[in-house]
>>> print(open('model.cif').read())   # mmCIF, C-alpha atoms and all ligand atoms
data_coords
loop_
_atom_site.label_atom_id
_atom_site.label_comp_id
_atom_site.auth_asym_id
_atom_site.auth_seq_id
_atom_site.Cartn_x
_atom_site.Cartn_y
_atom_site.Cartn_z
CA MET A 16 -165.34 51.41 -14.67
CA ALA A 17 -163.12 54.37 -14.01
CA LYS A 18 -161.24 56.48 -16.52
CA PRO A 19 -157.59 56.57 -15.41
CA PRO A 20 -156.81 59.92 -13.76
CA LEU A 21 -153.15 59.63 -14.75
CA SER A 22 -152.01 61.01 -18.09
CA MET A 23 -152.38 58.44 -20.86
CA GLN A 24 -149.47 60.03 -22.73
CA PRO A 25 -146.44 58.87 -20.76
CA THR A 26 -143.01 58.75 -22.36
CA GLY A 27 -141.32 55.46 -23.15
CA TRP A 28 -141.24 52.25 -25.14
CA PHE A 29 -144.55 50.52 -25.71
CA GLN A 30 -145.35 47.23 -27.39
CA VAL A 31 -147.67 47.68 -30.36
CA ALA A 32 -147.61 44.16 -31.86
CA TRP A 33 -145.73 40.89 -31.98
CA SER A 34 -143.18 40.62 -34.78
CA THR A 35 -145.05 37.80 -36.51
CA GLU A 36 -148.05 40.09 -37.01
CA VAL A 37 -146.17 42.16 -39.58
CA GLY A 38 -144.67 39.87 -42.21
CA VAL A 39 -142.45 41.01 -45.08
CA GLY A 40 -144.48 43.15 -47.47
CA GLU A 41 -147.34 43.56 -45.00
CA VAL A 42 -149.06 46.70 -43.74
CA HIS A 43 -150.57 46.51 -40.25
CA ARG A 44 -153.11 49.01 -38.89
CA MET A 45 -153.16 50.09 -35.28
CA THR A 46 -154.39 52.84 -32.95
CA TYR A 47 -152.18 53.98 -30.08
CA PHE A 48 -151.87 57.27 -28.15
CA GLY A 49 -155.03 58.43 -29.88
CA ARG A 50 -153.32 58.19 -33.27
CA GLU A 51 -153.99 56.08 -36.32
CA LEU A 52 -150.73 54.31 -37.19
CA VAL A 53 -149.40 51.77 -39.66
CA ALA A 54 -146.52 49.35 -39.28
CA TRP A 55 -145.08 48.00 -42.53
CA ARG A 56 -142.21 45.69 -43.31
CA ALA A 57 -140.03 46.26 -46.36
CA ARG A 58 -138.65 43.44 -48.50
CA SER A 59 -135.34 43.80 -46.63
CA GLY A 60 -137.19 43.03 -43.38
CA GLN A 61 -136.88 46.57 -42.03
CA LEU A 62 -139.90 47.64 -40.03
CA THR A 63 -141.36 51.16 -40.03
CA VAL A 64 -144.09 52.65 -37.86
CA MET A 65 -145.63 55.87 -39.12
CA ASN A 66 -148.82 57.89 -38.98
CA ALA A 67 -151.52 56.27 -41.07
CA TYR A 68 -152.76 59.31 -43.01
CA CYS A 69 -150.92 60.16 -46.22
CA GLU A 70 -149.44 63.65 -46.12
CA HIS A 71 -150.69 64.23 -49.67
CA LEU A 72 -154.47 64.21 -49.40
CA GLY A 73 -154.96 62.09 -46.34
CA ALA A 74 -155.71 58.56 -47.55
CA HIS A 75 -155.34 55.95 -44.81
CA LEU A 76 -152.27 53.91 -45.76
CA GLY A 77 -153.61 50.93 -43.80
CA PHE A 78 -156.45 50.52 -46.30
CA GLY A 79 -154.84 49.56 -49.57
CA GLY A 80 -151.35 50.99 -49.01
CA HIS A 81 -148.79 48.47 -50.26
CA VAL A 82 -145.11 47.80 -49.83
CA GLU A 83 -143.00 48.21 -52.97
CA GLY A 84 -139.51 47.01 -52.12
CA GLU A 85 -138.32 49.47 -49.51
CA VAL A 86 -141.15 52.01 -49.68
CA LEU A 87 -144.84 52.22 -48.83
CA GLU A 88 -147.07 53.30 -51.69
CA CYS A 89 -150.32 55.14 -51.08
CA PRO A 90 -153.41 53.62 -52.74
CA PHE A 91 -154.88 57.02 -53.66
CA HIS A 92 -152.33 58.66 -56.03
CA GLY A 93 -149.32 56.37 -55.76
CA TRP A 94 -147.02 58.63 -53.73
CA GLN A 95 -144.24 56.59 -52.12
CA TRP A 96 -142.85 57.06 -48.60
CA ASP A 97 -139.62 55.58 -47.24
CA HIS A 98 -138.48 54.37 -43.78
CA GLU A 99 -137.83 57.90 -42.62
CA GLY A 100 -141.19 59.14 -43.82
CA ARG A 101 -139.65 60.96 -46.79
CA ASN A 102 -141.55 61.21 -50.02
CA VAL A 103 -139.40 59.52 -52.67
CA CYS A 104 -141.78 59.42 -55.62
CA ILE A 105 -144.78 61.23 -57.07
CA PRO A 106 -145.50 59.05 -60.10
CA TYR A 107 -146.82 61.92 -62.25
CA GLU A 108 -144.10 64.49 -61.42
CA LYS A 109 -140.39 64.66 -62.13
CA ARG A 110 -139.47 65.21 -58.49
CA PRO A 111 -140.73 64.01 -55.14
CA ASN A 112 -141.98 66.44 -52.49
CA ARG A 113 -138.84 66.97 -50.42
CA GLY A 114 -140.43 69.24 -47.86
CA ARG A 115 -143.19 67.02 -46.56
CA ARG A 116 -142.59 64.06 -44.26
CA MET A 117 -144.78 61.39 -42.75
CA PRO A 118 -144.28 61.42 -38.96
CA THR A 119 -142.45 58.19 -38.02
CA TYR A 120 -141.68 56.64 -34.62
CA PRO A 121 -138.50 55.03 -33.31
CA VAL A 122 -139.13 51.29 -33.48
CA LEU A 123 -137.33 48.33 -31.98
CA GLU A 124 -137.85 44.58 -32.34
CA ARG A 125 -136.79 42.48 -29.39
CA ASN A 126 -138.00 39.19 -27.94
CA GLU A 127 -140.39 38.68 -30.88
CA SER A 128 -142.13 41.95 -29.98
CA ILE A 129 -142.44 45.29 -31.73
CA TYR A 130 -141.83 48.31 -29.49
CA VAL A 131 -142.43 51.93 -30.38
CA TRP A 132 -140.93 54.93 -28.61
CA TYR A 133 -143.54 57.53 -27.75
CA ASP A 134 -142.71 60.96 -26.37
CA ARG A 135 -145.15 63.82 -26.52
CA LEU A 136 -142.24 66.26 -26.49
CA GLY A 137 -140.53 64.57 -29.43
CA ARG A 138 -137.37 63.58 -27.56
CA ALA A 139 -135.24 60.71 -28.86
CA PRO A 140 -135.20 57.45 -26.84
CA TYR A 141 -133.14 57.89 -23.67
CA PHE A 142 -133.43 54.41 -22.23
CA ASP A 143 -133.62 50.90 -23.60
CA VAL A 144 -136.21 48.11 -23.57
CA PRO A 145 -135.15 45.31 -21.20
CA ASP A 146 -134.44 41.96 -22.87
CA VAL A 147 -136.29 39.07 -21.22
CA PHE A 148 -133.22 36.82 -21.60
CA ALA A 149 -130.05 38.94 -21.85
CA GLY A 150 -131.40 41.48 -19.35
CA PHE A 151 -130.81 39.13 -16.45
CA GLY A 152 -127.15 38.55 -17.30
CA ASP A 153 -127.33 34.84 -16.58
CA GLY A 154 -126.24 33.56 -19.99
CA SER A 155 -129.73 32.39 -20.90
CA SER A 156 -131.05 32.76 -24.41
CA ARG A 157 -134.17 32.18 -26.47
CA SER A 158 -133.13 28.62 -27.35
CA ASP A 159 -133.34 27.58 -23.68
CA TYR A 160 -137.10 28.16 -23.78
CA HIS A 161 -140.16 26.69 -25.46
CA GLN A 162 -142.38 28.45 -27.96
CA VAL A 163 -143.83 31.68 -26.64
CA ALA A 164 -147.41 31.71 -25.32
CA THR A 165 -149.23 35.02 -25.53
CA LEU A 166 -152.29 36.87 -24.32
CA LEU A 167 -153.76 40.05 -25.81
CA ARG A 168 -156.55 41.99 -24.10
CA GLU A 169 -157.65 45.10 -25.95
CA ASN A 170 -159.20 48.43 -24.97
CA LEU A 171 -159.28 47.92 -21.22
CA GLU A 172 -159.66 50.89 -18.88
CA ILE A 173 -156.19 50.30 -17.52
CA HIS A 174 -153.29 52.67 -17.07
CA PRO A 175 -149.76 51.22 -17.50
CA GLN A 176 -148.83 52.37 -14.01
CA TYR A 177 -151.43 50.08 -12.37
CA VAL A 178 -149.65 47.09 -13.80
CA LEU A 179 -146.19 48.22 -12.75
CA GLU A 180 -147.36 48.81 -9.19
CA ASN A 181 -148.22 45.13 -9.04
CA GLY A 182 -144.46 44.54 -8.87
CA VAL A 183 -144.25 45.97 -5.35
CA ASP A 184 -147.66 44.74 -4.21
CA PHE A 185 -146.74 41.87 -1.89
CA ALA A 186 -150.17 41.62 -0.26
CA HIS A 187 -152.23 40.73 -3.33
CA PHE A 188 -150.88 37.20 -3.94
CA LYS A 189 -152.97 35.56 -1.26
CA PHE A 190 -156.15 37.37 -2.23
CA VAL A 191 -155.99 37.58 -6.01
CA HIS A 192 -154.04 34.42 -6.79
CA LYS A 193 -155.09 32.37 -3.76
CA THR A 194 -151.47 31.51 -3.08
CA PRO A 195 -150.26 32.11 0.48
CA ILE A 196 -147.04 33.68 -0.78
CA VAL A 197 -145.11 36.14 1.33
CA PRO A 198 -142.59 37.88 -0.89
CA VAL A 199 -139.55 39.40 0.75
CA PHE A 200 -138.00 42.18 -1.31
CA THR A 201 -134.28 41.88 -1.84
CA ARG A 202 -133.88 44.71 -4.33
CA HIS A 203 -135.69 47.98 -4.99
CA ASP A 204 -133.68 50.01 -7.46
CA PHE A 205 -135.60 52.99 -8.81
CA ASP A 206 -132.65 55.24 -9.62
CA ARG A 207 -132.96 55.24 -13.40
CA PRO A 208 -135.70 54.95 -16.06
CA VAL A 209 -135.01 51.21 -16.13
CA SER A 210 -135.78 49.95 -12.63
CA TYR A 211 -135.32 46.65 -10.81
CA VAL A 212 -137.39 44.80 -8.24
CA ASP A 213 -136.36 41.40 -6.88
CA PHE A 214 -138.10 39.33 -4.27
CA THR A 215 -137.74 35.90 -2.78
CA ILE A 216 -140.76 33.81 -1.93
CA THR A 217 -141.66 32.31 1.39
CA PHE A 218 -144.98 30.86 2.40
CA GLU A 219 -147.34 31.77 5.19
CA GLY A 220 -146.25 30.08 8.38
CA ASP A 221 -142.60 30.12 7.30
CA GLU A 222 -141.72 33.32 9.13
CA GLY A 223 -138.79 31.71 10.94
CA GLN A 224 -136.99 30.97 7.67
CA SER A 225 -133.56 32.32 6.97
CA ILE A 226 -132.50 33.45 3.51
CA GLU A 227 -130.66 30.14 3.00
CA ASP A 228 -133.94 28.26 3.27
CA VAL A 229 -135.50 30.20 0.45
CA HIS A 230 -135.52 28.41 -2.85
CA SER A 231 -137.42 30.58 -5.23
CA GLY A 232 -137.95 34.14 -6.27
CA VAL A 233 -138.75 36.62 -9.00
CA GLN A 234 -136.62 39.28 -10.62
CA ALA A 235 -138.31 42.07 -12.55
CA ILE A 236 -136.91 44.75 -14.83
CA ASN A 237 -139.18 47.66 -15.71
CA GLY A 238 -138.34 49.61 -18.85
CA GLY A 239 -140.32 52.74 -18.11
CA LEU A 240 -144.05 52.31 -17.57
CA GLY A 241 -144.76 50.33 -20.71
CA VAL A 242 -142.72 47.14 -20.44
CA ALA A 243 -141.82 44.81 -17.56
CA VAL A 244 -139.86 41.58 -17.96
CA THR A 245 -139.57 38.93 -15.26
CA LYS A 246 -137.47 35.91 -14.50
CA SER A 247 -138.79 33.36 -12.02
CA TRP A 248 -136.29 31.02 -10.47
CA GLY A 249 -136.59 28.02 -8.20
CA MET A 250 -140.11 27.13 -9.33
CA ILE A 251 -141.21 26.59 -12.93
CA ASP A 252 -138.41 28.21 -14.90
CA ASN A 253 -140.24 30.94 -16.75
CA ARG A 254 -139.84 34.38 -18.23
CA THR A 255 -142.60 36.86 -18.91
CA ILE A 256 -143.06 40.14 -20.72
CA THR A 257 -145.92 42.38 -19.64
CA ALA A 258 -146.65 45.33 -21.89
CA VAL A 259 -149.37 47.94 -21.50
CA THR A 260 -149.88 50.45 -24.29
CA PRO A 261 -152.30 53.39 -24.17
CA VAL A 262 -154.80 53.33 -27.04
CA ASP A 263 -156.55 56.62 -26.28
CA ASP A 264 -157.35 58.80 -23.26
CA SER A 265 -159.08 56.06 -21.34
CA THR A 266 -158.03 52.62 -22.55
CA SER A 267 -154.94 50.46 -23.05
CA ASP A 268 -154.05 47.19 -24.73
CA VAL A 269 -152.40 44.61 -22.50
CA ARG A 270 -149.97 42.06 -23.94
CA PHE A 271 -148.41 39.21 -22.03
CA SER A 272 -145.74 36.81 -23.34
CA VAL A 273 -144.67 33.69 -21.46
CA TYR A 274 -141.62 31.49 -22.03
CA ILE A 275 -141.24 28.16 -20.23
CA GLY A 276 -137.74 26.75 -19.78
CA ARG A 277 -136.76 23.61 -21.65
CA THR A 278 -135.89 20.62 -19.52
CA THR A 279 -133.71 17.70 -20.45
CA GLY A 280 -136.01 14.81 -21.25
CA SER A 281 -136.37 12.13 -23.86
CA ASP A 282 -139.89 12.90 -25.03
CA PRO A 283 -140.08 16.27 -26.81
CA ALA A 284 -143.83 16.03 -27.48
CA LYS A 285 -144.53 15.42 -23.81
CA ALA A 286 -142.24 18.29 -22.80
CA GLU A 287 -144.05 20.58 -25.20
CA ARG A 288 -147.44 19.62 -23.76
CA ARG A 289 -146.19 20.16 -20.24
CA ALA A 290 -144.78 23.57 -21.16
CA ASN A 291 -148.06 24.57 -22.78
CA ALA A 292 -149.98 23.62 -19.66
CA MET A 293 -147.59 25.62 -17.47
CA ALA A 294 -147.82 28.65 -19.74
CA GLU A 295 -151.60 28.41 -19.64
CA GLU A 296 -151.51 28.41 -15.85
CA ILE A 297 -149.26 31.49 -15.74
CA ILE A 298 -151.57 33.26 -18.18
CA ARG A 299 -154.57 32.27 -16.04
CA GLN A 300 -152.92 33.86 -13.00
CA PHE A 301 -152.16 36.97 -15.01
CA THR A 302 -155.81 37.29 -16.06
CA GLN A 303 -156.71 37.35 -12.35
CA ASP A 304 -154.62 40.51 -12.08
CA VAL A 305 -156.14 41.95 -15.27
CA HIS A 306 -159.62 41.44 -13.82
CA ILE A 307 -158.70 43.68 -10.88
CA TRP A 308 -156.84 46.29 -12.96
CA GLN A 309 -159.57 46.78 -15.54
CA HIS A 310 -162.10 47.82 -12.90
CA GLN A 311 -159.69 49.62 -10.58
CA ARG A 312 -159.66 53.34 -9.90
CA TYR A 313 -156.28 54.90 -9.23
CA SER A 314 -156.14 55.85 -5.58
CA ASP A 315 -154.13 58.99 -4.97
CA PRO A 316 -152.96 59.40 -2.32
CA PRO A 317 -153.53 55.74 -1.42
CA ALA A 318 -154.15 54.40 2.08
CA LEU A 319 -150.99 52.34 2.52
CA SER A 320 -150.09 49.98 5.32
CA ALA A 321 -146.75 50.44 7.06
CA GLY A 322 -145.26 47.55 5.12
CA GLU A 323 -146.44 48.89 1.76
CA TYR A 324 -145.25 52.44 2.20
CA ARG A 325 -141.68 52.10 0.98
CA GLY A 326 -142.34 50.12 -2.20
CA PHE A 327 -145.33 52.12 -3.40
CA THR A 328 -143.72 55.46 -2.62
CA ALA A 329 -140.58 54.45 -4.50
CA ILE A 330 -142.44 53.28 -7.59
CA ARG A 331 -144.81 56.27 -7.69
CA THR A 332 -141.97 58.73 -7.32
CA TRP A 333 -140.07 56.92 -10.06
CA ALA A 334 -143.15 56.89 -12.33
CA LYS A 335 -143.46 60.69 -12.32
CA GLN A 336 -140.43 61.10 -14.60
CA PHE A 337 -142.38 59.54 -17.49
CA TYR A 338 -145.10 62.17 -17.48
CA PRO A 339 -144.25 65.24 -19.53
CA ASP A 340 -145.46 67.52 -16.72
CA GLY A 341 -143.24 65.63 -14.26
CA ARG A 342 -146.05 65.40 -11.73
CA GLY A 343 -147.93 62.23 -12.53
CA GLY A 344 -150.23 63.69 -15.11
CA SER A 345 -153.80 64.80 -14.71
CA ALA A 346 -154.09 63.24 -11.26
CA ALA A 347 -151.74 65.90 -9.94
CA GLU A 348 -153.60 68.62 -11.85
CA LEU A 349 -156.93 67.44 -10.48
CA ARG A 350 -155.68 67.45 -6.94
CA ALA A 351 -154.28 70.95 -7.29
CA ALA A 352 -157.60 72.16 -8.73
CA THR A 353 -159.55 70.61 -5.88
CA ALA A 354 -157.29 72.18 -3.30
CA ALA A 355 -157.72 75.60 -4.96
CA ASP A 356 -161.49 75.20 -5.06
CA ILE A 357 -161.80 74.63 -1.35
CA SER A 358 -159.18 77.08 -0.14
CA PRO A 359 -160.64 80.29 1.32
CA THR A 360 -160.43 83.34 -0.91
S1 LIG B 401 -153.48 60.78 -50.61
FE1 LIG B 401 -151.75 59.51 -50.68
S2 LIG B 401 -150.98 59.79 -52.65
FE2 LIG B 401 -152.67 61.10 -52.58
FE FE B 402 -150.36 39.31 -9.56
#
>>> encode(input="model.cif", output="structure tokens")
Amino acid sequence: MAKPPLSMQPTGWFQVAWSTEVGVGEVHRMTYFGRELVAWRARSGQLTVMNAYCEHLGAHLGFGGHVEGEVLECPFHGWQWDHEGRNVCIPYEKRPNRGRRMPTYPVLERNESIYVWYDRLGRAPYFDVPDVFAGFGDGSSRSDYHQVATLLRENLEIHPQYVLENGVDFAHFKFVHKTPIVPVFTRHDFDRPVSYVDFTITFEGDEGQSIEDVHSGVQAINGGLGVAVTKSWGMIDNRTITAVTPVDDSTSDVRFSVYIGRTTGSDPAKAERRANAMAEEIIRQFTQDVHIWQHQRYSDPPALSAGEYRGFTAIRTWAKQFYPDGRGGSAAELRAATAADISPT
């Protein structure tokens, strides 16, 4: 096991739950970015994510806090907090405490997932979470796909960047997934916080193929370091969402959502079974990646082959913008310290 040397406090959108985990009137406990948090859903359906400890005397709102209409009421002395973290009622005083606020986080529900914006510097969101359907601009929508299949793996020693780098890692397919795939990149667009990687798929021994002979590929959209959505075409029609969210200074939770395309057929039960089996297979392949990532140590600078240089350099340069120090976090600091230690004085 190796503690990630990159900062575990990158800026961006991070998935903290699936929408179904926080029903109307429910309070959901979670720990992310080293903070105790609660997500709660008001009667109106509006979702709020805030720090878990009551600003009054510090009760944990995830243990006995309850939703009253549009506010969250603390179990200790009944103070009520609204969507913006404002105190709206102290039951034994005439007026609420207008000065004190519960820290809240920008929250977004998309593709049945709950995303939270985290920025150590307190900046407002400056990019969007990619939509696994609308993001690809092909007119597809949720109704074209079967029920979502999901995987959650908690507290793994994984940094979000490891997972994103998989998107440019053409050489791992044969070794990790035992598929002799040779991806050919057709798009590498790392100009903005939302980046794009597309590749087509050929197989070993097919080197003489022209682009017209290629019948399948993958398109990926990365929304910062926390969320990547993919569309696979030509093979099993599927969409995936990969989300990695730092829990503390050394671990992350990994969430994976898979949608299998509906096909026209007469037997819905059979189609459902087939889709479930396909989703299971995609999840199985994903767990092969997870197995590598959870024991990996970030290699910096890495020993890259000639063919890998462009993709990895592009993604690592792009990734730096999400670290508040702009340098790739503690890895950069460590390297600078080492260089200073060995330089002659
Ligand atoms: S600690 Fe929450 S109301 Fe007192
Ligand atoms: Fe993989």
>>> residues_near_ligand(input="model.cif", ligand="ligand LIG 401 (chain B)", cutoff="7 Å", atoms="only C-alpha atoms and all ligand atoms", output="compact mmCIF listing (two decimals) with C-alpha atoms, keeping the file's coordinate frame")
# COMPACT_ATOMS: atom_id res chain seq x y z
CA CYS A 69 -150.92 60.16 -46.22
CA GLU A 70 -149.44 63.65 -46.12
CA HIS A 71 -150.69 64.23 -49.67
CA LEU A 72 -154.47 64.21 -49.40
CA GLY A 73 -154.96 62.09 -46.34
CA ALA A 74 -155.71 58.56 -47.55
CA CYS A 89 -150.32 55.14 -51.08
CA PRO A 90 -153.41 53.62 -52.74
CA PHE A 91 -154.88 57.02 -53.66
CA HIS A 92 -152.33 58.66 -56.03
CA GLY A 93 -149.32 56.37 -55.76
CA TRP A 94 -147.02 58.63 -53.73
>>> residues_around(input="model.cif", residues="Ala32 of chain A", least_positions_apart="3", cutoff="8 Å", atoms="all atoms listed in the file", output="JSON, numbers by chain")
{"A": [36, 128, 129, 130]}
>>> atom_distance(input="model.cif", atom1="atom CA of Phe48 of chain A", atom2="atom CA of Asp264 of chain A")
7.5 Å
>>> closest_residue(input="model.cif", among="A:Ser267, A:Gln234, A:Gln95, A:Ser34", to="Arg202 of chain A", atoms="all atoms listed in the file")
A:Gln234
>>> atom_distance(input="model.cif", atom1="atom CA of Arg157 of chain A", atom2="atom CA of Ala294 of chain A")
15.6 Å
>>> atom_distance(input="model.cif", atom1="atom CA of Val64 of chain A", atom2="atom CA of Glu88 of chain A")
14.2 Å
>>> residues_around(input="model.cif", residues="Asn170 of chain A", least_positions_apart="3", cutoff="7 Å", atoms="all atoms listed in the file", output="list of chain:residue names")
A:Val262, A:Thr266, A:Ser267, A:Asp268
>>> closest_atom_pairs(input="model.cif", of="chain A", to="ligand FE 402 (chain B)", cutoff="10 Å", atoms="all atoms listed in the file", output="tab-separated table")
residue	atom	partner	partner_atom	distance
A:Val178	CA	B:FE402	FE	8.9
A:Glu180	CA	B:FE402	FE	10.0
A:Asn181	CA	B:FE402	FE	6.2
A:Gly182	CA	B:FE402	FE	7.9
A:Val183	CA	B:FE402	FE	10.0
A:Asp184	CA	B:FE402	FE	8.1
A:Phe185	CA	B:FE402	FE	8.9
A:Ala186	CA	B:FE402	FE	9.6
A:His187	CA	B:FE402	FE	6.7
A:Phe188	CA	B:FE402	FE	6.0
A:Lys189	CA	B:FE402	FE	9.5
A:Phe190	CA	B:FE402	FE	9.5
A:Val191	CA	B:FE402	FE	6.9
A:His192	CA	B:FE402	FE	6.7
A:Gln300	CA	B:FE402	FE	6.9
A:Phe301	CA	B:FE402	FE	6.2
A:Thr302	CA	B:FE402	FE	8.7
A:Gln303	CA	B:FE402	FE	7.2
A:Asp304	CA	B:FE402	FE	5.1
A:Val305	CA	B:FE402	FE	8.5
A:Ile307	CA	B:FE402	FE	9.5
>>> residues_around(input="model.cif", residues="Asp143 of chain A", least_positions_apart="5", cutoff="9 Å", atoms="all atoms listed in the file", output="PDB file with C-alpha atoms, keeping the file's coordinate frame")
ATOM      1  CA  GLY A  27    -141.320  55.460 -23.150  1.00  0.00           C
ATOM      2  CA  TRP A  28    -141.240  52.250 -25.140  1.00  0.00           C
ATOM      3  CA  PRO A 208    -135.700  54.950 -16.060  1.00  0.00           C
ATOM      4  CA  VAL A 209    -135.010  51.210 -16.130  1.00  0.00           C
ATOM      5  CA  GLY A 238    -138.340  49.610 -18.850  1.00  0.00           C
ATOM      6  CA  GLY A 239    -140.320  52.740 -18.110  1.00  0.00           C
TER       7      GLY A 239
END
>>> residues_around(input="model.cif", residues="Thr165 of chain A", least_positions_apart="3", cutoff="12 Å", atoms="all atoms listed in the file", output="list of chain:residue names")
A:Ala32, A:Trp33, A:Glu127, A:Ser128, A:Gln162, A:Arg168, A:Arg254, A:Thr255, A:Ile256, A:Thr257, A:Ala258, A:Val269, A:Arg270, A:Phe271, A:Ser272, A:Val273, A:Tyr274, A:Ile275, A:Asn291, A:Ala294, A:Glu295, A:Glu296, A:Ile297, A:Ile298, A:Arg299, A:Phe301, A:Thr302
>>> residues_around(input="model.cif", residues="Lys246 of chain A", least_positions_apart="6", cutoff="12 Å", atoms="all atoms listed in the file", output="VMD selection string")
chain A and resid 145 to 153 155 211 to 215 231 to 237 252 to 257 273 to 276
>>> closest_residue(input="model.cif", among="A:Ser22, A:Asp340, A:Tyr68, A:Tyr160", to="Thr279 of chain A", atoms="all atoms listed in the file")
A:Tyr160
>>> closest_residue(input="model.cif", among="A:Arg101, A:Arg115, A:His43, A:His306", to="Val82 of chain A", atoms="only C-alpha atoms")
A:His43
